[in-house]
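Reading through the structure tokens given below for one structure.
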Amino acid sequence: MNKLASFPWSKGIKSRRAAADVIKIIIFLSLTISFSIGMTNIMRNEADEHLGIENVEIYTSGCFWNNQEDYWDIAIKMKNRGASDVTFSGVYINGFEVDDYNKTDPVDGEAIIDMYESQTLRSGEIKIFHLYIDGPGGKRGWQKISSGTSMSITVHSVHGMDYPILLTLV
């Protein structure tokens, strides 16, 4: 018979060795998971940069009626979260393209926006654009727009991506 097996402390050494093995496994797994998450992010950024994947986020869009000038002012805040620049080619309201670009004073029922017709948003850049819709008149019938009306605004890019904004006028 083994004399060491009869000592009470001999069982404690074996259980401590088992705990050390479990700790080693936990540390190994956590390092492996951290490494794989890091490599995934690096590969995603590289793919975005080389493939030119667009990633534009619309942070806020708000609107108000300007009583003094008689038009709707809709603010659109956009951020380019992708690795490449994004160039926009058009803005559409309920399927109709705005009447004019790079203007801030609508007349006769026009819908205009203060961005250029070919506006570029650089990687990481945040811009606020204002869309102005004059109340009465106009060829597109903007005079029918009133408080409580739901609108679909779409910003279109040259690469064919659409960035929709759904809002209700207040």
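So you can find residues: chains in the structure tokens are A, B, ... in the order shown, residues in each start at 1, and ligands are numbered from 1 in order.
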
**Study point:** Polymer residues at most 9 Å from Asn102 of chain A, only C-alpha atoms, same-chain spacing of 5 or more positions, as a ChimeraX atom specification
**Key:** /A:112-117

What does the file look like for those residues with N, CA and C atoms, as a PDB file, in the first residue's frame?
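Generated output (part.pdb):
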```
ATOM      1  N   ILE A 112     -35.609  71.776 -53.154  1.00  0.00           N
ATOM      2  CA  ILE A 112     -34.179  71.940 -53.432  1.00  0.00           C
ATOM      3  C   ILE A 112     -33.373  71.416 -52.255  1.00  0.00           C
ATOM      4  N   ILE A 113     -32.081  71.198 -52.492  1.00  0.00           N
ATOM      5  CA  ILE A 113     -31.189  70.725 -51.432  1.00  0.00           C
ATOM      6  C   ILE A 113     -29.880  71.504 -51.534  1.00  0.00           C
ATOM      7  N   ASP A 114     -29.237  71.696 -50.379  1.00  0.00           N
ATOM      8  CA  ASP A 114     -27.999  72.482 -50.367  1.00  0.00           C
ATOM      9  C   ASP A 114     -26.745  71.666 -50.664  1.00  0.00           C
ATOM     10  N   MET A 115     -26.887  70.409 -51.065  1.00  0.00           N
ATOM     11  CA  MET A 115     -25.722  69.620 -51.461  1.00  0.00           C
ATOM     12  C   MET A 115     -25.516  69.745 -52.970  1.00  0.00           C
ATOM     13  N   TYR A 116     -24.292  69.481 -53.408  1.00  0.00           N
ATOM     14  CA  TYR A 116     -24.002  69.517 -54.835  1.00  0.00           C
ATOM     15  C   TYR A 116     -24.644  68.319 -55.520  1.00  0.00           C
ATOM     16  N   GLU A 117     -24.850  68.431 -56.826  1.00  0.00           N
ATOM     17  CA  GLU A 117     -25.462  67.331 -57.569  1.00  0.00           C
ATOM     18  C   GLU A 117     -24.578  66.087 -57.537  1.00  0.00           C
TER      19      GLU A 117
END
```

Exercise for review: List every residue of segment 102-153 of chain A that DSSP, applied to the backbone of this structure, assigns to strand (DSSP E or B), and report them as a PyMOL selection string.
Suggested key: chain A and resi 111-113+120-121+126-134+150-153

Keeping only C-alpha atoms, write the selected residues to a file as a compact mmCIF listing (two decimals), in the first residue's frame.
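Produced file part-v9.txt, reproduced below:
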```txt
# COMPACT_ATOMS: atom_id res chain seq x y z
CA ALA A 111 -37.90 71.14 -53.67
CA ILE A 112 -34.18 71.94 -53.43
CA ILE A 113 -31.19 70.72 -51.43
CA THR A 120 -18.69 63.38 -52.19
CA LEU A 121 -18.64 62.27 -48.57
CA ILE A 126 -20.05 63.79 -41.18
CA LYS A 127 -22.19 66.28 -43.12
CA ILE A 128 -25.56 67.88 -42.55
CA PHE A 129 -27.64 68.59 -45.63
CA HIS A 130 -30.81 70.68 -45.72
CA LEU A 131 -33.70 69.88 -48.02
CA TYR A 132 -36.08 72.79 -48.60
CA ILE A 133 -39.61 72.30 -49.91
CA ASP A 134 -41.67 75.38 -50.72
CA SER A 150 -45.14 60.83 -44.26
CA MET A 151 -42.29 61.23 -46.73
CA SER A 152 -39.76 58.91 -48.27
CA ILE A 153 -36.46 60.62 -49.07
```

Revision key, fill the gap. Across A:Val98, A:Ala83, A:Val22, A:Gly109, the smallest distance to Ile42 of chain A, with only C-alpha atoms counted, is shown by A:Ala83

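The gap separating atom CA of Tyr92 of chain A from atom CA of Tyr59 of chain A is 18.4 Å, in Å to one decimal.
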
Point to revise | Exercise: Val86 of chain A partners within 12 Å, only C-alpha atoms, chain neighbours under 3 positions left out, as an NGL selection string | key: :A and (52-57 or 78-83 or 89 or 118-126 or 155-163)

Exercise for review: Tell me which protein, DNA and RNA residues are within 12 Å of Asn67 of chain A, counting only C-alpha atoms, leaving out same-chain ones fewer than 4 positions away, and put them as a PyMOL selection string.
Suggested key: chain A and resi 71-73+134-135

For N, CA and C atoms, I'd like the residues from the last selection saved as a PDB file, in the first residue's frame.
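selection.pdb written:
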```pdb
ATOM      1  N   TYR A  71     -41.692  77.580 -46.124  1.00  0.00           N
ATOM      2  CA  TYR A  71     -41.167  76.341 -46.678  1.00  0.00           C
ATOM      3  C   TYR A  71     -40.822  75.360 -45.551  1.00  0.00           C
ATOM      4  N   TRP A  72     -40.708  74.090 -45.936  1.00  0.00           N
ATOM      5  CA  TRP A  72     -40.270  73.035 -45.026  1.00  0.00           C
ATOM      6  C   TRP A  72     -38.742  72.975 -45.082  1.00  0.00           C
ATOM      7  N   ASP A  73     -38.117  72.807 -43.917  1.00  0.00           N
ATOM      8  CA  ASP A  73     -36.666  72.644 -43.832  1.00  0.00           C
ATOM      9  C   ASP A  73     -36.415  71.270 -43.210  1.00  0.00           C
ATOM     10  N   ASP A 134     -40.789  74.219 -50.789  1.00  0.00           N
ATOM     11  CA  ASP A 134     -41.670  75.375 -50.718  1.00  0.00           C
ATOM     12  C   ASP A 134     -43.117  74.892 -50.661  1.00  0.00           C
ATOM     13  N   GLY A 135     -43.922  75.595 -49.905  1.00  0.00           N
ATOM     14  CA  GLY A 135     -45.310  75.185 -49.690  1.00  0.00           C
ATOM     15  C   GLY A 135     -46.199  75.208 -50.920  1.00  0.00           C
TER      16      GLY A 135
END
```

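What separates atom CA of Ser84 of chain A from atom CA of Met43 of chain A is a distance of 15.1 Å.
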
Practice item. Considering only C-alpha atoms, return as a ChimeraX atom specification whatever protein or nucleic-acid residues lie within 9 Å of Thr149 of chain A, sequence-local ones (same chain, fewer than 5 positions apart) excluded. Key: /A:167-170

Write the residues of the selection above to a file with C-alpha atoms, as a PDB file, in the first residue's frame.
```pdb
ATOM      1  CA  LEU A 167     -40.003  60.736 -41.760  1.00  0.00           C
ATOM      2  CA  THR A 168     -43.236  62.422 -40.824  1.00  0.00           C
ATOM      3  CA  LEU A 169     -43.485  66.182 -41.153  1.00  0.00           C
ATOM      4  CA  VAL A 170     -44.270  67.966 -37.890  1.00  0.00           C
TER       5      VAL A 170
END
```

Exercise for review: Using DSSP on the backbone coordinates, identify all residues within segment 9-97 of chain A classified as helix (DSSP H, G or I); present the result as a ChimeraX atom specification.
Suggested key: /A:9-51

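Shortest atom-to-atom contact with Gly148 of chain A among A:Val107, A:Ile37, A:Cys63, A:Val91: A:Cys63, counting only C-alpha atoms.
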